[in-house]
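One file, model33.txt, is given below (compact mmCIF, C-alpha atoms).
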# COMPACT_ATOMS: atom_id res chain seq x y z
CA MET A 4 0.00 0.00 0.00
CA ILE A 5 1.69 3.15 -1.20
CA PHE A 6 0.53 6.04 0.86
CA SER A 7 2.11 9.08 -0.73
CA PRO A 8 4.42 8.42 -3.65
CA ARG A 9 5.91 11.89 -3.96
CA PRO A 10 4.78 15.02 -2.18
CA LYS A 11 4.99 16.99 -5.41
CA ALA A 12 2.74 14.63 -7.36
CA LYS A 13 0.25 14.73 -4.52
CA HIS A 14 0.28 18.50 -4.58
CA GLN A 15 -0.28 18.56 -8.32
CA ARG A 16 -3.19 16.16 -8.09
CA LEU A 17 -4.81 18.25 -5.39
CA VAL A 18 -4.51 21.51 -7.31
CA LEU A 19 -5.74 19.95 -10.55
CA LEU A 20 -8.68 18.34 -8.85
CA LEU A 21 -9.65 21.48 -6.97
CA VAL A 22 -9.52 23.55 -10.15
CA ALA A 23 -11.66 20.98 -11.95
CA ILE A 24 -14.18 20.88 -9.12
CA ALA A 25 -14.35 24.67 -8.88
CA ALA A 26 -14.97 24.92 -12.64
CA MET A 27 -17.69 22.26 -12.54
CA VAL A 28 -19.45 23.76 -9.55
CA GLY A 29 -19.25 27.24 -11.07
CA ALA A 30 -20.71 26.03 -14.35
CA VAL A 31 -23.58 24.21 -12.70
CA LEU A 32 -24.44 27.05 -10.34
CA LEU A 33 -24.41 29.49 -13.27
CA ALA A 34 -26.72 27.25 -15.24
CA MET A 35 -29.00 26.91 -12.22
CA SER A 36 -29.35 30.63 -11.66
CA ALA A 37 -29.88 31.16 -15.41
CA MET A 38 -32.68 28.60 -15.29
CA LYS A 39 -34.27 30.41 -12.40
CA ASP A 40 -37.19 31.80 -14.38
CA GLN A 41 -37.74 28.90 -16.76
CA ALA A 42 -37.66 26.33 -13.98
CA SER A 43 -40.33 28.15 -12.01
CA TYR A 44 -42.80 25.67 -10.70
CA PHE A 45 -45.67 28.15 -10.78
CA TYR A 46 -46.72 31.60 -11.95
CA ALA A 47 -47.20 34.24 -9.26
CA PRO A 48 -49.79 36.98 -9.83
CA GLY A 49 -46.97 39.49 -10.33
CA ASP A 50 -45.51 37.38 -13.19
CA VAL A 51 -48.75 37.48 -15.10
CA VAL A 52 -48.65 41.26 -15.10
CA ARG A 53 -45.02 41.32 -16.19
CA ARG A 54 -45.02 38.50 -18.71
CA GLY A 55 -48.60 38.38 -19.96
CA LEU A 56 -51.19 35.64 -19.80
CA PRO A 57 -50.02 32.16 -20.81
CA LEU A 58 -53.25 31.24 -22.59
CA ASP A 59 -51.88 28.52 -24.85
CA ARG A 60 -51.27 25.84 -22.23
CA ALA A 61 -52.12 24.51 -18.80
CA VAL A 62 -50.04 26.20 -16.10
CA ARG A 63 -49.68 26.36 -12.35
CA ILE A 64 -50.25 29.48 -10.33
CA GLY A 65 -49.26 30.04 -6.74
CA GLY A 66 -49.78 32.65 -4.06
CA MET A 67 -51.69 33.50 -0.95
CA VAL A 68 -55.47 33.17 -0.71
CA ARG A 69 -56.70 36.69 0.07
CA GLU A 70 -58.51 37.05 3.41
CA GLY A 71 -62.25 37.37 2.95
CA SER A 72 -62.21 36.41 -0.73
CA LEU A 73 -63.24 32.75 -0.43
CA GLU A 74 -66.85 32.06 -1.35
CA ARG A 75 -68.77 28.89 -2.14
CA LEU A 76 -71.14 29.03 -5.10
CA ARG A 77 -74.68 27.79 -4.91
CA ASP A 78 -73.94 24.35 -6.38
CA GLY A 79 -72.02 23.56 -3.19
CA THR A 80 -68.84 22.19 -4.80
CA THR A 81 -67.55 25.21 -6.71
CA ILE A 82 -65.44 27.77 -4.87
CA ARG A 83 -64.20 31.17 -5.90
CA PHE A 84 -61.30 33.05 -4.35
CA VAL A 85 -58.60 35.60 -5.11
CA VAL A 86 -54.88 34.85 -5.09
CA GLY A 87 -52.36 37.55 -4.37
CA ASP A 88 -48.63 37.90 -3.79
CA GLU A 89 -46.31 40.61 -2.53
CA THR A 90 -47.23 42.77 -5.55
CA GLU A 91 -50.52 44.56 -6.19
CA ALA A 92 -51.57 41.94 -8.73
CA THR A 93 -54.25 39.37 -8.02
CA ILE A 94 -55.81 36.45 -9.87
CA PRO A 95 -59.46 35.43 -9.42
CA VAL A 96 -59.74 31.63 -9.34
CA THR A 97 -62.67 29.23 -9.66
CA PHE A 98 -62.42 25.55 -8.77
CA THR A 99 -64.86 22.68 -8.59
CA GLY A 100 -63.88 19.80 -6.36
CA ILE A 101 -62.32 18.96 -3.02
CA VAL A 102 -59.55 21.13 -1.59
CA PRO A 103 -56.87 19.92 0.88
CA ASP A 104 -57.47 20.42 4.61
CA LEU A 105 -54.78 23.06 4.77
CA PHE A 106 -56.38 25.20 2.06
CA ARG A 107 -57.71 28.31 3.78
CA GLU A 108 -57.79 32.09 3.59
CA GLY A 109 -54.51 33.80 4.34
CA SER A 110 -52.56 30.65 3.54
CA GLY A 111 -50.52 29.59 0.52
CA MET A 112 -51.77 27.51 -2.37
CA VAL A 113 -50.72 26.18 -5.77
CA ALA A 114 -53.32 25.52 -8.47
CA GLU A 115 -53.11 23.75 -11.80
CA GLY A 116 -55.36 24.83 -14.64
CA ARG A 117 -55.82 27.39 -17.41
CA PHE A 118 -56.15 31.12 -17.67
CA ARG A 119 -59.13 32.63 -19.43
CA PRO A 120 -58.62 35.65 -21.70
CA ASP A 121 -60.19 37.92 -19.06
CA GLY A 122 -57.34 37.07 -16.66
CA SER A 123 -59.28 34.74 -14.40
CA PHE A 124 -58.07 31.22 -13.73
CA VAL A 125 -59.99 27.96 -13.86
CA ALA A 126 -58.26 25.42 -11.64
CA SER A 127 -58.41 21.68 -12.20
CA GLU A 128 -56.42 20.82 -9.08
CA ILE A 129 -55.58 22.71 -5.90
CA LEU A 130 -52.71 22.01 -3.51
CA ALA A 131 -52.03 23.70 -0.19
CA LYS A 132 -48.63 25.27 0.38
CA HIS A 133 -47.58 25.97 3.94
CA ASP A 134 -44.65 28.01 5.18
CA GLU A 135 -41.58 27.05 7.20
CA ASN A 136 -43.09 27.88 10.60
CA TYR A 137 -44.02 25.07 12.94
CA MET A 138 -45.74 25.82 16.23
CA PRO A 139 -48.38 24.53 18.64
CA PRO A 140 -52.05 25.44 17.99
CA LYS A 141 -52.06 28.18 20.62
CA LEU A 142 -48.87 29.86 21.59
CA GLY A 143 -48.68 30.15 25.31
CA PRO A 144 -48.16 27.90 28.33
CA GLN A 145 -48.40 24.42 26.87
CA GLY A 146 -51.98 23.97 28.08
CA ASP A 147 -53.48 23.20 24.70
CA ARG A 148 -51.34 20.20 23.98
CA HIS A 149 -54.30 17.83 23.67
CA GLU A 150 -56.27 19.97 21.33
CA SER A 151 -55.40 18.88 17.82
CA GLY A 152 -56.68 22.02 16.18
CA THR A 153 -59.43 22.23 13.63
CA LEU A 154 -57.99 19.89 11.04
CA GLU A 155 -59.73 16.63 11.58
CA MET B 81 -58.40 12.73 6.59
CA ASN B 82 -56.93 10.72 9.45
CA HIS B 83 -53.35 11.88 9.87
CA TRP B 84 -52.39 8.97 12.10
CA LEU B 85 -52.66 6.51 9.21
CA PHE B 86 -49.99 8.47 7.36
CA ILE B 87 -47.86 8.87 10.49
CA ILE B 88 -47.99 5.14 11.26
CA ALA B 89 -47.16 4.24 7.67
CA ALA B 90 -44.17 6.61 7.64
CA TYR B 91 -42.79 5.33 10.95
CA ALA B 92 -43.33 1.71 9.86
CA LEU B 93 -41.32 2.32 6.70
CA VAL B 94 -38.46 3.91 8.64
CA THR B 95 -38.47 1.12 11.25
CA ILE B 96 -38.36 -1.59 8.59
CA GLY B 97 -35.80 0.27 6.48
CA VAL B 98 -33.34 1.24 9.21
CA GLY B 99 -33.90 -1.98 11.15
CA SER B 100 -33.16 -4.30 8.27
CA LEU B 101 -30.24 -2.14 7.12
CA THR B 102 -28.68 -2.36 10.58
CA LEU B 103 -29.34 -6.09 10.93
CA LEU B 104 -28.00 -6.97 7.48
CA SER B 105 -24.89 -4.81 7.96
CA TYR B 106 -24.28 -6.42 11.35
CA ARG B 107 -24.71 -9.97 10.08
CA ALA B 108 -22.47 -9.34 7.06
CA MET B 109 -19.80 -7.91 9.35
CA ARG B 110 -19.98 -10.81 11.80
CA LYS B 111 -19.74 -13.36 9.01
CA ALA B 112 -16.83 -11.64 7.25
CA GLU B 113 -14.89 -11.13 10.49
CA ARG B 114 -15.46 -14.73 11.58
CA ASP B 115 -14.31 -16.03 8.20
CA ALA B 116 -11.21 -13.85 8.36
CA GLN B 117 -10.52 -15.10 11.88
CA GLY B 118 -10.92 -18.70 10.70
CA PHE B 119 -8.25 -18.16 8.10
CA ASN B 120 -5.88 -16.91 10.77
CA GLN B 121 -6.23 -20.14 12.70
CA LEU B 122 -5.54 -22.39 9.70
CA MET C 147 -5.87 11.20 9.29
CA HIS C 148 -2.53 9.56 8.60
CA PHE C 149 -2.96 7.95 11.95
CA LEU C 150 -5.96 6.01 10.69
CA ALA C 151 -4.32 5.04 7.42
CA ASN C 152 -3.30 1.73 8.83
CA PRO C 153 -6.31 -0.65 8.74
CA ALA C 154 -5.11 -2.46 11.87
CA ARG C 155 -5.02 0.79 13.83
CA PHE C 156 -8.39 1.81 12.39
CA LEU C 157 -9.93 -1.50 13.48
CA LYS C 158 -8.58 -1.10 16.98
CA ILE C 159 -10.69 2.05 17.30
CA ALA C 160 -13.63 0.94 15.16
CA ARG C 161 -14.29 -2.31 17.04
CA PRO C 162 -15.22 -0.76 20.40
CA LEU C 163 -16.74 2.32 18.74
CA THR C 164 -19.31 0.37 16.70
CA PRO C 165 -21.57 -0.91 19.50
CA TRP C 166 -21.16 2.33 21.42
CA LEU C 167 -22.39 4.41 18.46
CA GLY C 168 -25.12 1.93 17.63
CA TRP C 169 -26.66 1.67 21.07
CA SER C 170 -26.44 5.35 21.99
CA GLY C 171 -27.89 6.18 18.56
CA ALA C 172 -30.79 3.78 19.07
CA LEU C 173 -31.44 5.22 22.52
CA LEU C 174 -31.49 8.82 21.27
CA VAL C 175 -33.77 7.87 18.37
CA ALA C 176 -36.16 6.21 20.82
CA VAL C 177 -36.21 9.33 23.00
CA GLY C 178 -36.55 11.81 20.13
CA VAL C 179 -39.18 9.83 18.27
CA GLY C 180 -41.06 8.91 21.47
CA VAL C 181 -41.31 12.54 22.53
CA GLY C 182 -42.13 13.56 18.96
CA LEU C 183 -44.96 11.06 18.67
CA PHE C 184 -46.55 11.27 22.09
CA VAL C 185 -45.44 14.43 23.93
CA ALA C 186 -44.71 17.18 21.41
CA PRO C 187 -47.66 19.36 20.39
CA PRO C 188 -49.40 19.10 17.01
CA ASP C 189 -48.87 21.97 14.56
CA TYR C 190 -51.29 24.89 14.48
CA LEU C 191 -51.84 24.42 10.76
CA GLN C 192 -50.82 20.86 9.90
CA GLY C 193 -52.24 19.13 12.97
CA GLU C 194 -50.92 15.71 13.90
CA SER C 195 -49.24 15.06 10.54
CA VAL C 196 -46.34 17.30 11.61
CA ARG C 197 -45.05 14.32 13.66
CA ILE C 198 -43.57 12.90 10.48
CA ILE C 199 -40.93 15.64 10.76
CA TYR C 200 -39.06 13.63 13.44
CA ILE C 201 -38.08 11.00 10.87
CA HIS C 202 -38.32 12.96 7.62
CA VAL C 203 -35.78 15.66 8.49
CA PRO C 204 -33.16 13.24 9.93
CA ALA C 205 -33.54 11.05 6.81
CA ALA C 206 -33.07 14.08 4.55
CA TRP C 207 -30.06 15.28 6.56
CA LEU C 208 -28.37 11.88 6.45
CA GLY C 209 -29.13 11.36 2.77
CA MET C 210 -27.31 14.62 2.05
CA ALA C 211 -24.60 14.22 4.70
CA GLY C 212 -23.93 10.73 3.33
CA TRP C 213 -23.06 12.02 -0.10
CA THR C 214 -20.98 14.82 1.41
CA GLY C 215 -19.04 12.06 3.19
CA ILE C 216 -18.65 10.12 -0.06
CA ALA C 217 -17.32 13.26 -1.76
CA LEU C 218 -14.81 14.00 1.02
CA ALA C 219 -13.61 10.39 1.10
CA SER C 220 -13.32 10.41 -2.70
CA LEU C 221 -11.19 13.54 -2.53
CA MET C 222 -8.91 11.90 0.04
CA GLN C 223 -8.69 8.81 -2.11
CA LEU C 224 -7.81 10.70 -5.29
CA VAL C 225 -5.36 13.18 -3.80
CA TRP C 226 -3.73 11.49 -0.84
CA ARG C 227 -4.37 7.89 -1.91
CA HIS C 228 -5.61 7.26 1.61
CA PRO C 229 -6.09 3.47 1.72
CA LEU C 230 -9.22 3.59 3.87
CA ALA C 231 -10.93 6.41 1.99
CA GLY C 232 -12.30 4.15 -0.74
CA VAL C 233 -13.51 1.67 1.86
CA ALA C 234 -15.31 4.45 3.74
CA ALA C 235 -16.94 5.89 0.60
CA ARG C 236 -18.18 2.45 -0.45
CA ALA C 237 -19.55 1.81 3.03
CA ILE C 238 -21.65 4.99 2.96
CA ALA C 239 -23.36 4.25 -0.36
CA VAL C 240 -26.05 1.81 0.85
CA PRO C 241 -27.06 3.56 4.11
CA GLY C 242 -27.00 6.93 2.31
CA GLY C 243 -29.29 5.59 -0.38
CA VAL C 244 -31.63 4.00 2.16
CA PHE C 245 -31.98 7.29 4.06
CA ALA C 246 -32.54 9.26 0.84
CA ALA C 247 -35.29 6.80 -0.11
CA LEU C 248 -36.83 7.05 3.37
CA CYS C 249 -36.76 10.84 3.09
CA LEU C 250 -38.72 10.66 -0.16
CA ALA C 251 -41.17 8.06 1.18
CA THR C 252 -41.90 9.84 4.47
CA GLY C 253 -42.14 13.16 2.64
CA SER C 254 -44.66 11.67 0.27
CA LEU C 255 -46.73 10.36 3.19
CA TRP C 256 -46.53 13.80 4.75
CA GLY C 257 -47.45 15.61 1.55
CA ARG C 258 -50.75 13.82 1.03
CA PRO C 259 -52.52 15.01 4.22
CA THR C 260 -50.98 18.50 4.11
CA TRP C 261 -50.40 19.63 0.51
CA GLY C 262 -52.99 17.29 -0.95
CA THR C 263 -50.61 15.27 -3.13
CA TYR C 264 -48.08 12.45 -2.77
CA TRP C 265 -45.76 13.88 -5.37
CA GLU C 266 -45.08 17.05 -7.33
CA TRP C 267 -42.19 17.74 -9.68
CA ASP C 268 -40.95 20.81 -7.87
CA GLY C 269 -37.29 21.75 -7.40
CA ARG C 270 -36.82 20.23 -3.95
CA LEU C 271 -38.56 16.93 -4.58
CA THR C 272 -36.93 16.44 -7.97
CA SER C 273 -33.39 17.20 -6.76
CA MET C 274 -33.86 14.79 -3.84
CA LEU C 275 -35.03 12.07 -6.25
CA ILE C 276 -31.90 12.72 -8.33
CA LEU C 277 -29.82 12.15 -5.17
CA LEU C 278 -31.43 8.72 -4.77
CA PHE C 279 -30.62 7.85 -8.39
CA LEU C 280 -27.03 9.02 -7.85
CA TYR C 281 -26.73 6.67 -4.86
CA VAL C 282 -28.02 3.75 -6.93
CA ALA C 283 -25.57 4.52 -9.75
CA TYR C 284 -22.70 5.02 -7.31
CA GLY C 285 -23.43 1.74 -5.57
CA ALA C 286 -23.47 -0.15 -8.86
CA LEU C 287 -20.24 1.51 -9.97
CA ALA C 288 -18.48 0.84 -6.65
CA ASN C 289 -19.59 -2.80 -6.64
CA ALA C 290 -18.44 -3.41 -10.19
CA ASP C 291 -15.15 -1.76 -9.39
CA ARG C 292 -14.56 -3.85 -6.30
CA GLU C 293 -15.36 -7.08 -8.17
CA ARG C 294 -12.70 -6.22 -10.74
CA GLY C 295 -10.30 -5.31 -7.97
CA GLY C 296 -9.75 -1.89 -9.50
CA GLU C 297 -8.42 1.24 -7.86
CA GLY C 298 -11.86 2.82 -7.81
CA ARG C 299 -10.76 6.02 -9.48
CA ALA C 300 -13.83 6.33 -11.71
CA THR C 301 -16.04 5.67 -8.68
CA ALA C 302 -14.27 8.40 -6.70
CA ILE C 303 -14.59 10.90 -9.54
CA PHE C 304 -18.30 10.10 -9.78
CA GLY C 305 -18.59 10.63 -6.03
CA LEU C 306 -17.01 14.07 -6.34
CA ILE C 307 -19.05 15.23 -9.33
CA GLY C 308 -22.30 14.03 -7.77
CA ALA C 309 -21.71 16.35 -4.81
CA ILE C 310 -22.88 19.27 -6.97
CA ASN C 311 -26.40 18.05 -6.31
CA ILE C 312 -26.06 18.69 -2.56
CA PRO C 313 -26.13 22.54 -2.67
CA VAL C 314 -28.80 22.27 -5.36
CA ILE C 315 -31.04 20.37 -2.92
CA ARG C 316 -30.28 22.76 -0.09
CA TYR C 317 -30.96 25.94 -2.07
CA SER C 318 -33.69 24.58 -4.38
CA VAL C 319 -36.34 26.20 -2.18
CA ASP C 320 -34.57 29.59 -2.46
CA TRP C 321 -33.69 29.52 -6.16
CA TRP C 322 -36.96 28.26 -7.48
CA ARG C 323 -40.55 28.52 -6.46
CA THR C 324 -41.47 25.18 -5.00
CA LEU C 325 -44.43 23.51 -3.36
CA HIS C 326 -42.03 22.49 -0.59
CA GLN C 327 -41.70 25.20 2.04
CA GLY C 328 -38.48 27.11 2.65
CA LYS C 329 -35.84 26.07 5.14
CA SER C 330 -36.77 26.03 8.82
CA ILE C 331 -33.31 25.55 10.29
CA GLY C 332 -30.45 27.81 9.25
CA VAL C 333 -27.42 29.54 10.70
CA ALA C 334 -29.66 32.36 11.94
CA GLY C 335 -31.88 30.06 13.98
CA SER C 336 -35.03 28.10 13.49
CA SER C 337 -38.67 28.79 12.77
CA ILE C 338 -39.72 25.60 14.55
CA ASP C 339 -41.22 25.99 18.01
CA SER C 340 -38.82 24.76 20.69
CA ALA C 341 -41.31 22.11 21.89
CA MET C 342 -40.91 20.47 18.45
CA LEU C 343 -37.32 21.46 17.80
CA TRP C 344 -35.61 19.66 20.66
CA PRO C 345 -37.05 16.19 19.99
CA LEU C 346 -36.23 16.76 16.32
CA LEU C 347 -32.59 17.54 17.11
CA ILE C 348 -32.31 14.53 19.45
CA SER C 349 -33.80 12.26 16.82
CA ALA C 350 -31.44 13.67 14.16
CA LEU C 351 -28.42 13.14 16.43
CA GLY C 352 -29.58 9.60 17.22
CA PHE C 353 -30.04 8.66 13.56
CA SER C 354 -26.62 10.18 12.82
CA LEU C 355 -24.90 8.00 15.44
CA LEU C 356 -26.76 4.97 14.12
CA PHE C 357 -25.65 5.89 10.62
CA GLY C 358 -22.06 6.06 11.88
CA ALA C 359 -22.38 2.59 13.42
CA ILE C 360 -23.76 1.16 10.17
CA VAL C 361 -20.92 2.71 8.15
CA LEU C 362 -18.35 1.29 10.59
CA MET C 363 -19.93 -2.17 10.37
CA ARG C 364 -19.83 -2.07 6.58
CA MET C 365 -16.21 -0.87 6.60
CA ARG C 366 -15.23 -3.70 8.94
CA ALA C 367 -16.98 -6.25 6.71
CA ASP C 368 -15.21 -4.80 3.67
CA LEU C 369 -11.78 -4.94 5.34
CA ALA C 370 -12.35 -8.52 6.55
CA ARG C 371 -13.34 -9.57 3.05
CA THR C 372 -10.24 -7.95 1.59
CA LYS C 373 -8.17 -9.90 4.08
CA ILE C 374 -9.84 -13.17 3.08
CA GLU C 375 -9.34 -12.46 -0.60
CA ALA C 376 -5.66 -11.73 -0.05
CA ARG C 377 -5.26 -15.03 1.85
CA LEU C 378 -7.03 -16.95 -0.88
CA ARG C 379 -4.78 -15.45 -3.52
CA ARG C 380 -1.70 -16.35 -1.52
CA MET C 381 -2.91 -19.92 -1.00
CA ALA C 382 -3.67 -20.30 -4.69
CA ALA C 383 -0.24 -19.02 -5.67
Translate the structure of the given file into structure tokens.
Amino acid sequence: MIFSPRPKAKHQRLVLLLVAIAAMVGAVLLAMSAMKDQASYFYAPGDVVRRGLPLDRAVRIGGMVREGSLERLRDGTTIRFVVGDETEATIPVTFTGIVPDLFREGSGMVAEGRFRPDGSFVASEILAKHDENYMPPKLGPQGDRHESGTLE
Amino acid sequence: MNHWLFIIAAYALVTIGVGSLTLLSYRAMRKAERDAQGFNQL
Amino acid sequence: MHFLANPARFLKIARPLTPWLGWSGALLVAVGVGVGLFVAPPDYLQGESVRIIYIHVPAAWLGMAGWTGIALASLMQLVWRHPLAGVAARAIAVPGGVFAALCLATGSLWGRPTWGTYWEWDGRLTSMLILLFLYVAYGALANADRERGGEGRATAIFGLIGAINIPVIRYSVDWWRTLHQGKSIGVAGSSIDSAMLWPLLISALGFSLLFGAIVLMRMRADLARTKIEARLRRMAA
């Protein structure tokens, strides 16, 4: 078992390898950040204003369900709500079907479907998106430990 | 939707996965080390 | 590290260390998971399903830490020709892959009751799936190489290149819009309530120690097999 043949050769290998790795990592990271817009998983309301309506295909939109905007239509299974983001822009959405438990006003969501020429969105599927905060149902002395919230 | 079904399924998968991984790794190690020891005593 | 270059010296440390790591890891996992399942509070939004975090996050961490270990060992193998580096990298492949798979499976079972879907092709989920495929490919490559008795240089180079995926997984939720939420634990702190955070950290530490024990066991098996093969060759000669 030869451990280190010659210190100089070892040094050369290290430098060569590090340069190669740095070049590879740099190239990939550059490609990743260039792909940033194309690889977007969903359209935000602000994008639609900036880039126009993608009418030709099914897309995903994502954002926060505006407080007070959620209403159930008379047929009982169709809902209507407004999605917003950090910009002024909003998208009105209609959806017929069952939404996840976590779908609620003031919370995040992602919807799949198509835009209509008037800028509204007809969703065929709705997913709930939650944020990175995890906490007990009621913040305070741990008294509410046994209350599992309103989810079930 | 009953969350506990999903929780139990997830924990069962991890128990089976990590348990069998540990057991198989242990048995393979014991066997290899015993065989190597056996050679020493030849 | 030169100190551990000698397999005999390595074994002298690894032998007593293996059960110690294994048992203390199992104990910590039992504590972390037990508290997580039965004592920690449910989440204000996700309800009980948040309890999957106590296995999902450790599995994700070890899936990624495993490949980081493979990459570091590969570097040591290529540059310093450290004789144990290849053994270590090979030993990580299977447990790393198992934990990456468990991360995906538990995440899927968590996604259904919260997001409303088992799977979505977003940046985080896709890059994690790629990590699993990398583990499978690496394992196949390392096996083939060991059968041929090669130096494992191609395997080591693959281990290094594959490490690019690790920062991609980590930052996928920042670079792209994803269904998966952003990071909860960073250098600046954590957005997880302390009643959930401490069992999570204990569970993660426990799984890490267990992972270490498994890697040591696989390294010891590998070294013993090498010894047997060398004997057999000498007897045949």
**Asked** Please, what distance in Å, to one decimal, runs between atom CA of C:Gly168 and atom CA of B:Leu103?
**Response**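 Straight-line distance from atom CA of C:Gly168 to atom CA of B:Leu103 works out to 11.3 Å.
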**Among listed residues B:Asn82, B:Met109, B:Ala89, B:Leu104, nearest chain C (using all atoms listed in the file)** = B:Met109
**Message:** Based on only C-alpha atoms, which of the residues in chain C come within 6 Å of chain A? I want them as a PyMOL selection string.
**Reply:** chain C and resi 187-190+193+225+227+260-262+268+322-325+327-328+330+337-339
Select from chain B every residue with an atom at most 7 Å from any atom of chain C, then for each give the shortest pair of atoms and their distance in Å to one decimal, using all atoms listed in the file, rows by chain and rising number, as JSON lines.
{"residue": "B:Met81", "atom": "CA", "partner": "C:Pro259", "partner_atom": "CA", "distance": 6.7}
{"residue": "B:His83", "atom": "CA", "partner": "C:Ser195", "partner_atom": "CA", "distance": 5.2}
{"residue": "B:Phe86", "atom": "CA", "partner": "C:Leu255", "partner_atom": "CA", "distance": 5.6}
{"residue": "B:Ile87", "atom": "CA", "partner": "C:Ile198", "partner_atom": "CA", "distance": 5.9}
{"residue": "B:Ala90", "atom": "CA", "partner": "C:Thr252", "partner_atom": "CA", "distance": 5.1}
{"residue": "B:Val94", "atom": "CA", "partner": "C:Leu248", "partner_atom": "CA", "distance": 6.3}
{"residue": "B:Thr102", "atom": "CA", "partner": "C:Ile360", "partner_atom": "CA", "distance": 6.1}
{"residue": "B:Ser105", "atom": "CA", "partner": "C:Arg364", "partner_atom": "CA", "distance": 5.9}
{"residue": "B:Tyr106", "atom": "CA", "partner": "C:Met363", "partner_atom": "CA", "distance": 6.2}
{"residue": "B:Ala108", "atom": "CA", "partner": "C:Ala367", "partner_atom": "CA", "distance": 6.3}
{"residue": "B:Met109", "atom": "CA", "partner": "C:Ala367", "partner_atom": "CA", "distance": 4.2}
{"residue": "B:Ala112", "atom": "CA", "partner": "C:Ala367", "partner_atom": "CA", "distance": 5.4}
{"residue": "B:Glu113", "atom": "CA", "partner": "C:Ala370", "partner_atom": "CA", "distance": 5.4}
{"residue": "B:Ala116", "atom": "CA", "partner": "C:Ile374", "partner_atom": "CA", "distance": 5.5}
**Item:** Point-to-point distance from atom CA of C:Gly242 to atom CA of B:Gln117, Å rounded to tenths
**Value:**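 Result for atom CA of C:Gly242 versus atom CA of B:Gln117: 29.1 Å, one decimal.
Taking atom CA of A:Gly109 and atom CA of A:Glu74 as the two end points, the separation is 13.7 Å.
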Quick one: 5 Å padding each side, axis-aligned, all listed atoms of stretch 91-110 of chain B - centre and edge lengths in Å to one decimal, as JSON?
{"center_x": -31.6, "center_y": -2.7, "center_z": 9.1, "size_x": 33.5, "size_y": 26.1, "size_z": 15.3}
**Contacts of C:Met274 within 9 Å, only C-alpha atoms, excl. fewer than 3 positions in-chain, as a PyMOL selection string** = chain C and resi 206+209-210+246-247+249-250+269-271+277-279+311-312+315
**Request:** Tell me which protein, DNA and RNA residues are within 8 Å of C:Ala350, counting all atoms listed in the file, leaving out same-chain ones fewer than 2 positions away, and put them as a PyMOL selection string.
**Result:** chain C and resi 175+200-201+203-204+207+346-348+352-354
Some atoms are missing, so please complete stretch 83-95 of chain B with N, CA and C atoms and return it as a PDB file, keeping the file's coordinate frame.
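See rebuild24.pdb below for the written result:
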ATOM      1  N   HIS B  83     -54.800  11.717   9.999  1.00  0.00           N
ATOM      2  CA  HIS B  83     -53.350  11.880   9.870  1.00  0.00           C
ATOM      3  C   HIS B  83     -52.585  10.709  10.432  1.00  0.00           C
ATOM      4  N   TRP B  84     -53.159  10.033  11.440  1.00  0.00           N
ATOM      5  CA  TRP B  84     -52.390   8.970  12.100  1.00  0.00           C
ATOM      6  C   TRP B  84     -52.083   7.809  11.163  1.00  0.00           C
ATOM      7  N   LEU B  85     -52.956   7.568  10.192  1.00  0.00           N
ATOM      8  CA  LEU B  85     -52.660   6.510   9.210  1.00  0.00           C
ATOM      9  C   LEU B  85     -51.353   6.813   8.487  1.00  0.00           C
ATOM     10  N   PHE B  86     -51.192   8.077   8.086  1.00  0.00           N
ATOM     11  CA  PHE B  86     -49.990   8.470   7.360  1.00  0.00           C
ATOM     12  C   PHE B  86     -48.769   8.437   8.281  1.00  0.00           C
ATOM     13  N   ILE B  87     -48.974   8.863   9.529  1.00  0.00           N
ATOM     14  CA  ILE B  87     -47.860   8.870  10.490  1.00  0.00           C
ATOM     15  C   ILE B  87     -47.384   7.436  10.739  1.00  0.00           C
ATOM     16  N   ILE B  88     -48.359   6.535  10.975  1.00  0.00           N
ATOM     17  CA  ILE B  88     -47.990   5.140  11.260  1.00  0.00           C
ATOM     18  C   ILE B  88     -47.285   4.518  10.056  1.00  0.00           C
ATOM     19  N   ALA B  89     -47.794   4.786   8.872  1.00  0.00           N
ATOM     20  CA  ALA B  89     -47.160   4.240   7.670  1.00  0.00           C
ATOM     21  C   ALA B  89     -45.723   4.741   7.537  1.00  0.00           C
ATOM     22  N   ALA B  90     -45.514   6.041   7.782  1.00  0.00           N
ATOM     23  CA  ALA B  90     -44.170   6.610   7.640  1.00  0.00           C
ATOM     24  C   ALA B  90     -43.214   5.997   8.660  1.00  0.00           C
ATOM     25  N   TYR B  91     -43.669   5.885   9.919  1.00  0.00           N
ATOM     26  CA  TYR B  91     -42.790   5.330  10.950  1.00  0.00           C
ATOM     27  C   TYR B  91     -42.538   3.846  10.708  1.00  0.00           C
ATOM     28  N   ALA B  92     -43.538   3.126  10.170  1.00  0.00           N
ATOM     29  CA  ALA B  92     -43.330   1.710   9.860  1.00  0.00           C
ATOM     30  C   ALA B  92     -42.255   1.556   8.800  1.00  0.00           C
ATOM     31  N   LEU B  93     -42.319   2.396   7.767  1.00  0.00           N
ATOM     32  CA  LEU B  93     -41.320   2.320   6.700  1.00  0.00           C
ATOM     33  C   LEU B  93     -39.918   2.552   7.248  1.00  0.00           C
ATOM     34  N   VAL B  94     -39.783   3.585   8.101  1.00  0.00           N
ATOM     35  CA  VAL B  94     -38.460   3.910   8.640  1.00  0.00           C
ATOM     36  C   VAL B  94     -37.968   2.772   9.548  1.00  0.00           C
ATOM     37  N   THR B  95     -38.880   2.217  10.371  1.00  0.00           N
ATOM     38  CA  THR B  95     -38.470   1.120  11.250  1.00  0.00           C
ATOM     39  C   THR B  95     -37.980  -0.075  10.440  1.00  0.00           C
TER      40      THR B  95
END
